[in-house]
Every structure is written in C-alpha cells, then in structure tokens.
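Comments concern the structure below.
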Amino acid sequence: MFTSSELMNKYKSKLITAEQAAQLVKNGDKISYGSFHTKPIDFDIALANRIAAGEITKLDICIVGTIPPVPQALVKMIEMSEKGDFKYNTSWFGVIERATAATGVPAFVPVQFQDVIKTRTEPLWHDSLRRDVAVIQCAPMDNFGNFNFGIVNAHTRRDLLNTPIKIVEVNQNFPVVYGGAEEHIHIDEIDYIIEGSNSEMFYLPEIEPTEVEVKIAQHIIPLIRDGACLQLGIGGVPNAIGKMIADSDLKDLGVHSEMFCDAFYDLYMCGKITNKRKVKDTGKSVFTFSLCTKKTMEFLHKNPLMASYNGEYVTEYSNIKAIDNMFAINATLEIDILGQATSETIGQTQYSGTGGALSFTWGAYESRGGTAVLCLPSTYTDKEGRLHSKIKASLTPGAVVTIPRSVISTVATEYGIANIKGLPLWARAEALINLAHPAFRDELVAEAEKMKIWRRSNKIEL
C-alpha cells in the first residue's frame with residue numbers, strides 16, 4: 001500500500017494537460033470515449049481543435065451511447081468529413097447520433113450489451129475492434145489510488161485495460177458508486193491523468209408520464225408480486241409504475257437493472273425496495289449505468305446500498321435467468337401480429353440500440369417466477385397529424401427484429417396486456433390485435449386473413 005505522499009508523487013508524474021493528451025493521438029487511431037457520462041469533455045475539445053486544424057485526417061471514435069454536451073470532436077469530424085476519413089462508432093443511437101446520422105460520420109455497431117465487454121477482451125479477430133487510446137471521464141482519485149466510474153460501469157474498466165494508452169479525465173462532480181465489481185481503476189493501471197474543468201454532470205429532466213403511459217402501467221402493476229426483482233428502463237412508463245408501486249401494498253422489492261432510473265429512487269424513498277429476498281447481491285441494488293435526475297444521482301453517490309457491475313454481469317442472459325422472481329419491463333417501438341418486435345429501428349432508420357432488451361426479455365421469462373413485459377403505446381402520430389398503429393401486420397420494411405417471436409411473452413399497450421408465449425400464430429394474432437387501437441383492428445384482421453393466420457373462431461373486442 002502506498003503512503004499518501006507516494007500516491008501524490010505518482011499522481012503528479014502522470015498529470016498532463018488535455019492538449020498534451022490530444023497530441024498522443026496519431027492519424028488513423030481508434031479512440032474509446034467509453035459510454036454516456038464517461039465521455040471526456042476537455043480532451044474532446046482539445047482533440048476537436050486538432051481535427052479542425054487539419055492535423056488529424058483519419059480517426060475512429062468508439063462509444064456506447066452519447067449524452068450532452070455534444071462531442072466537439074464529432075462536430076469537427078462532420079465539418080471536415082470531405083477532407084478526411086472519420087467515423088463515430090456507437091452501439092446506441094440517441095438524440096445526438098440521430099441528429100447527425102445523415103452526415104455519414106456516426107456508424108452503428110449492432111451488439112447486445114452483454115457482449116460489449118467481449119469485444120474489448122476477446123482476441124481482436126477484426127481490426128475494427130482495436131482501440132489505440134482510451135480516454136474516460138471519472139471521479140477524482142481516492143485515498144487508495146482508485147478512480148471511480150461506477151455510475152457508468154458498463155465496459156469502462158475492460159476498455160481501459162485492453163487499450164495501449166490509458167487516460168483518465170477527472171471531474172470533481174463525478175459521483176462515486178460502489179461495486180459490485182470493476183467500478184474503478186487504480187493509478188498503477190493507467191498512463192496519464194487530465195484534471196478536467198469539472199463540468200456539471202448531465203441530468204435528465206423530470207419525466208411525467210402521459211395518460212397513455214399511465215394506462216399501460218395500470219395493466220402491468222397487478223402482475224408484480226412481493227419480493228419481485230425489478231428491471232426498469234427510461235421514460236414515462238417506469239416512472240408511472242414507480243408512483244403506482246409507491247401507492248400499493250407491495251413490499252421487499254429488489255433491483256437488478258441495466259439502468260438505475262428515477263423510479264427506483266422513488267421506491268427507495270417510500271421503503272418499497274429492500275433487496276432482502278435476493279439470493280445474490282442480497283441487500284444491494286445492482287445496475288451498470290444510470291441516466292437520471294440530479295436528486296437520483298446524488299442518492300447514488302457513495303450509497304452502500306448500491307452495487308455497480310459491468311454490463312456483462314448485469315445483462316448476461318444466464319445471470320438474469322438465475323434471479324428468482326425477475327420482473328423486467330422494456331419498451332419497444334413496434335410489434336407485428338406474428339409477435340416479433342423492433343426496439344431499435346424505425347424502418348431502415350437507426351433509432352436506438354439492442355442494449356439489454358433481448359437479454360432481459362428472455363432471461364426474466366426463464367427466471368423462476370419471472371415475468372418479462374414489452375410495452376408500447378398502440379399508436380403514433382406523424383408530422384402531418386395522421387394516426388398510425390404500432391401493432392402491424394408486418395414490421396415496417398427495413399426494420400430490424402430486436403426480439404424474435406419465439407422469445408416474446410407478455411405485451412402491454414394502453415388497451416390491455418396479453419401473454420402470447422407458446423400460442424400458435426392465429427391465437428397470438430388475435431391477442432395482439434386486441435391490444436391495438438380499435439380504429440386499426442378490422443384492418444389488422446383483414447391482413448391476418450391474407451396471411452392465413454385468422455380462423456373463423458377468432459374474435460376481436462369492440
């Protein structure tokens with residue numbers, strides 16, 4: 001163990017400016033920006049300046065999910081795209097990626113969250129998996145020489161360890177979240193340290209559920225039992241479910257979730273989460289990253305009730321299956337009457353990513369006493385004000401099947417909830433059509449008849 005003075009000497013010996021760090025990047029390098037909150041800020045600006053100056057004309061940036069502030073390197077790569085070869089590779093399309101996709105610089109990487117770590121640690125059978133430099137934003141060094149990134153554990157530690165040049169950019173505002181495992185890296189394991197400008201963390205605004213989302217949540221709540229272990233995502237439905245559980249008699253709930261969302265904070269505040277019925281990680285809420293409001297992030301900071309783990313541990317199918325009474329709720333974008341869903345594309349347009357949707361949908365169903373719910377509003381309104389069904393005869397042409405029909409079990413819309421697992425095509429078509437908006441049910445029945453999956457005995461609800 002190092003003394004305090006030895007640690008500080010080692011710290012000072014590795015300290016460089018963001019501009020010096022950016023000079024370590026060579027033309028043609030592949031750089032890892034981690035994911036979400038671990039994206040560097042000051043290094044990113046310094047790298048953008050090199051791109052703008054024409055010093056770098058070929059570069060790949062690799063990230064799993066981008067949040068504000070907009071990466072300045074991405075902005076400059078787009079501006080200089082006619083003069084160079086630039087790619088911004090990501091396995092999650094958010095607002096920033098969607099807004100810039102037409103430039104051709106953002107490139108989507110299809111991968112399940114559980115497999116992201118393997119792409120950092122397996123033999124690099126393809127050059128695109130190589131990273132030359134990893135720059136990760138994190139919390140300041142603690143008294144033992146560790147830098148914490150527990151709010152975005154994901155693949156962060158593996159990314160650093162398996163990259164030749166390892167750089168951390170410290171931010172005094174970055175929360176510390178205990179593990180779990182792999183939530184930090186030691187000073188001996190990194191090459192350089194940047195003392196950043198301590199930008200404020202990105203927080204989500206409070207998201208109030210819509211009337212439709214409240215109705216969806218009302219259909220789901222009766223299925224949740226005491227002692228259930230919850231997986232919740234982002235958005236209005238989880239928030240609505242959180243409020244309803246808070247007002248219910250449910251007790252002793254647990255958390256094993258890809259994301260720690262604001263609904264979990266609300267459930268902790270009213271005493272609904274204890275994690276005491278979990279066999280693994282008893283007493284701890286397990287997650288791998290968090291996108292949340294400021295109050296929730298402050299709740300996570302140095303909270304011994306949390307357990308930050310890497311994405312493989314949290315979202316790997318067999319780990320989810322091993323949790324009794326797992327209850328996973330995931331949103332999807334579109335589902336057809338065969339029972340296959342897309343959660344990542346709208347037609348041919350990339351909208352999000354696979355994440356842990358497939359793993360949790362499959363794993364939670366296979367869990368002893370478990371349930372997996374896919375939820376979606378029954379309709380959407382286009383720019384011209386026209387109403388369209390999200391339950392279709394066939395997925396929109398070009399759409400990617402995120403969750404196959406053999407895996408999906410329970411589906412919920414504002415019109416009800418149905419378990420289609422094990423049902424023949426004619427029966428699941430009926431069940432799904434009854435979850436559609438009434439204005440589209442006759443049309444869907446006609447399509448089912450054309451597909452030869454509608455029987456005379458089938459019926460739809462009025």
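Please note that chains go A, B, ... in the order of the structure tokens, that every chain numbers its residues from 1, and that ligands are numbered from 1 in the order shown.
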
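The shell of residues at most 12 Å from Ala448 of chain A, with only C-alpha atoms counted and near chain neighbours (fewer than 6 positions) removed, consists of Asp336, Ile337, Leu338, Lys392, Ala393, Ser394, Leu425, Trp426, Ala427, Arg428, Ala429, Glu430, Leu432, Ile433, Arg441, Asp442, Trp454, Arg455, Arg456, Asn458 and Lys459 of chain A.
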
Task: Among listed residues A:Ser359, A:Val135, A:Cys62, A:Ala52, nearest Tyr192 of chain A (using only C-alpha atoms) - done: A:Val135

Open item on the list: Taking only C-alpha atoms into account, name the residue in A:Arg120, A:Arg98, A:Lys166, A:Arg50 that is nearest to Thr345 of chain A.
Closed with: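 The answer is A:Arg98, which sits nearest to Thr345 of chain A.
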
Open item on the list: My list of candidates is A:Gln340, A:Thr361, A:Thr282, A:Thr163. Which is closest to Gln231 of chain A when distances are computed with only C-alpha atoms?
Closed with: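 Going through A:Gln340, A:Thr361, A:Thr282, A:Thr163 one by one, the smallest distance to Gln231 of chain A is for A:Thr361.
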
- [ ] Go through A:Ile136, A:Ala263, A:Ile185, A:Val170 and flag the residue nearest Ser197 of chain A, using only C-alpha atoms for the distances.
- [x] A:Val170

TODO: Can you pull out every residue within 10 Å of Ser290 of chain A, counting only C-alpha atoms, but drop anything in the same chain fewer than 5 positions away, and send it as a list of chain:residue names?
DONE: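 Contacts, in chain order: A:Phe36, A:His37, A:Gly150, A:Ile151, A:Val152, A:Asn153, A:Tyr203, A:Gly233, A:Ile234, A:Ser257, A:Glu258, A:Met259, A:Phe260, A:Cys261, A:Asp262, A:Thr296, A:Met297, A:Leu300, A:Ser308.
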
Open item on the list: From a backbone DSSP assignment, name each residue in segment 196-283 of chain A labelled helix (DSSP H, G or I), as a PyMOL selection string.
Closed with: chain A and resi 211-223+236-246+262-269

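With distances restricted to only C-alpha atoms, A:Leu291 is the closest residue to Ile67 of chain A from A:Leu291, A:Ile194, A:Ile245, A:Leu24.
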
Open item on the list: I'd like the neighbourhood of segment 412-420 of chain A as a list in words, where a residue qualifies if any of its atoms comes within 7 Å (using only C-alpha atoms), though same-chain residues fewer than 3 positions away should be ignored.
Closed with: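 Listed by chain and then number, they are Val212, Lys215, Ile216, His219, Val373, Leu374, Cys375, Leu376, Pro377, Ser378, Ser409, Leu423, Arg428, Ala431, Leu435 and Ala436 of chain A.
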
Residue selection dump (C-alpha atoms) as a short mmCIF file (atom, residue, chain, number, x, y, z; two decimals), in the first residue's frame:
data_model
loop_
_atom_site.label_atom_id
_atom_site.label_comp_id
_atom_site.auth_asym_id
_atom_site.auth_seq_id
_atom_site.Cartn_x
_atom_site.Cartn_y
_atom_site.Cartn_z
CA VAL A 212 -51.36 6.54 -22.29
CA LYS A 215 -52.82 3.25 -18.63
CA ILE A 216 -50.03 0.89 -19.75
CA HIS A 219 -52.12 -3.11 -16.78
CA VAL A 373 -43.14 -7.37 -20.30
CA LEU A 374 -42.70 -5.47 -23.55
CA CYS A 375 -44.73 -2.28 -23.57
CA LEU A 376 -45.62 0.28 -26.22
CA PRO A 377 -48.35 2.82 -26.99
CA SER A 378 -50.72 1.37 -29.56
CA SER A 409 -44.02 -13.37 -23.82
CA LEU A 423 -49.53 -19.51 -28.61
CA ARG A 428 -51.21 -14.61 -30.87
CA ALA A 431 -54.26 -11.38 -28.71
CA LEU A 435 -54.10 -4.69 -27.87
CA ALA A 436 -54.20 -2.43 -30.94
#

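Nearest to Ser32 of chain A of all the residues A:Val286, A:Leu160, A:Met8, A:Ala446 is A:Leu160, counting only C-alpha atoms.
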
Open item on the list: Which residues are close to segment 317-328 of chain A, i.e. within 8 Å by only C-alpha atoms, leaving aside same-chain residues fewer than 4 positions away? Reply as a PyMOL selection string.
Closed with: chain A and resi 114+224+227-232+278-280+313+359-373

Write a file of the just-selected residues containing C-alpha atoms, as a short mmCIF file (atom, residue, chain, number, x, y, z; two decimals), in the first residue's frame.
data_model
loop_
_atom_site.label_atom_id
_atom_site.label_comp_id
_atom_site.auth_asym_id
_atom_site.auth_seq_id
_atom_site.Cartn_x
_atom_site.Cartn_y
_atom_site.Cartn_z
CA GLN A 114 -23.84 -8.35 -22.57
CA ILE A 224 -45.89 -7.60 -9.79
CA GLY A 227 -40.21 -9.78 -3.46
CA ALA A 228 -40.03 -9.23 -7.23
CA CYS A 229 -36.65 -8.12 -8.59
CA LEU A 230 -37.18 -5.23 -10.99
CA GLN A 231 -35.59 -4.14 -14.25
CA LEU A 232 -36.90 -0.76 -15.42
CA LYS A 278 -32.45 -11.65 -3.42
CA VAL A 279 -30.20 -14.71 -3.18
CA LYS A 280 -27.33 -12.93 -4.98
CA TYR A 313 -22.69 -9.29 -15.28
CA SER A 359 -31.31 -10.46 -22.65
CA PHE A 360 -33.87 -9.23 -20.11
CA THR A 361 -36.91 -10.28 -22.15
CA TRP A 362 -35.55 -13.79 -22.47
CA GLY A 363 -33.82 -14.08 -19.10
CA ALA A 364 -36.68 -12.71 -16.98
CA TYR A 365 -39.17 -15.11 -18.57
CA GLU A 366 -36.83 -18.05 -17.85
CA SER A 367 -36.34 -16.90 -14.25
CA ARG A 368 -38.17 -18.95 -11.64
CA GLY A 369 -41.37 -16.99 -11.03
CA GLY A 370 -40.21 -14.38 -13.50
CA THR A 371 -42.07 -12.13 -15.94
CA ALA A 372 -40.93 -10.16 -18.97
CA VAL A 373 -43.14 -7.37 -20.30
#

Task: Gly28 of chain A environment, 12 Å, only C-alpha atoms, sequence neighbours closer than 5 positions dropped, as a list in words - done: Ile51, Glu55, Ile56, Thr57, Lys58, Leu59, Asp60, Ile61, Gly84, Asp85, Phe86, Lys87, Asp127, Ser128, Arg130, Arg131, Asp132 and Val133 of chain A

Please write the residues from the selection above to a file, keeping C-alpha atoms, as a compact mmCIF listing (two decimals), in the first residue's frame.
# COMPACT_ATOMS: atom_id res chain seq x y z
CA ILE A 51 -9.13 17.91 -36.27
CA GLU A 55 -3.60 17.73 -38.08
CA ILE A 56 -5.78 14.60 -37.99
CA THR A 57 -7.46 13.46 -41.19
CA LYS A 58 -8.32 9.88 -40.31
CA LEU A 59 -9.88 8.88 -36.98
CA ASP A 60 -12.39 6.50 -35.41
CA ILE A 61 -14.09 7.35 -32.13
CA GLY A 84 -10.75 13.18 -44.22
CA ASP A 85 -11.89 9.72 -43.20
CA PHE A 86 -13.83 9.94 -39.94
CA LYS A 87 -16.15 7.53 -38.14
CA ASP A 127 -9.14 -4.54 -36.93
CA SER A 128 -12.29 -2.55 -36.15
CA ARG A 130 -8.76 -2.32 -31.97
CA ARG A 131 -8.52 0.74 -29.71
CA ASP A 132 -5.28 2.72 -29.59
CA VAL A 133 -6.23 5.28 -26.95

Task: Distance query Val116 of chain A at most 9 Å, only C-alpha atoms, self and fewer than 3 positions along chain excluded, as a PyMOL selection string - done: chain A and resi 64+91+111-113+119-120+154-155+311-312

Task: Sel. of strand (DSSP E or B) residues, segment 243-453 of chain A, as JSON, numbers by chain - done: {"A": [253, 254, 255, 256, 257, 258, 259, 273, 285, 286, 287, 288, 289, 306, 307, 308, 310, 326, 327, 328, 329, 330, 331, 334, 335, 336, 341, 342, 345, 346, 349, 350, 355, 371, 372, 373, 374, 375, 379, 380, 381, 387, 388, 389, 391, 392, 403, 410, 411, 412, 413, 416, 417, 418, 419]}

TODO: Provide the atom CA of Asn89 of chain A to atom CA of Ala107 of chain A distance in Å, to one decimal place.
DONE: 4.7 Å
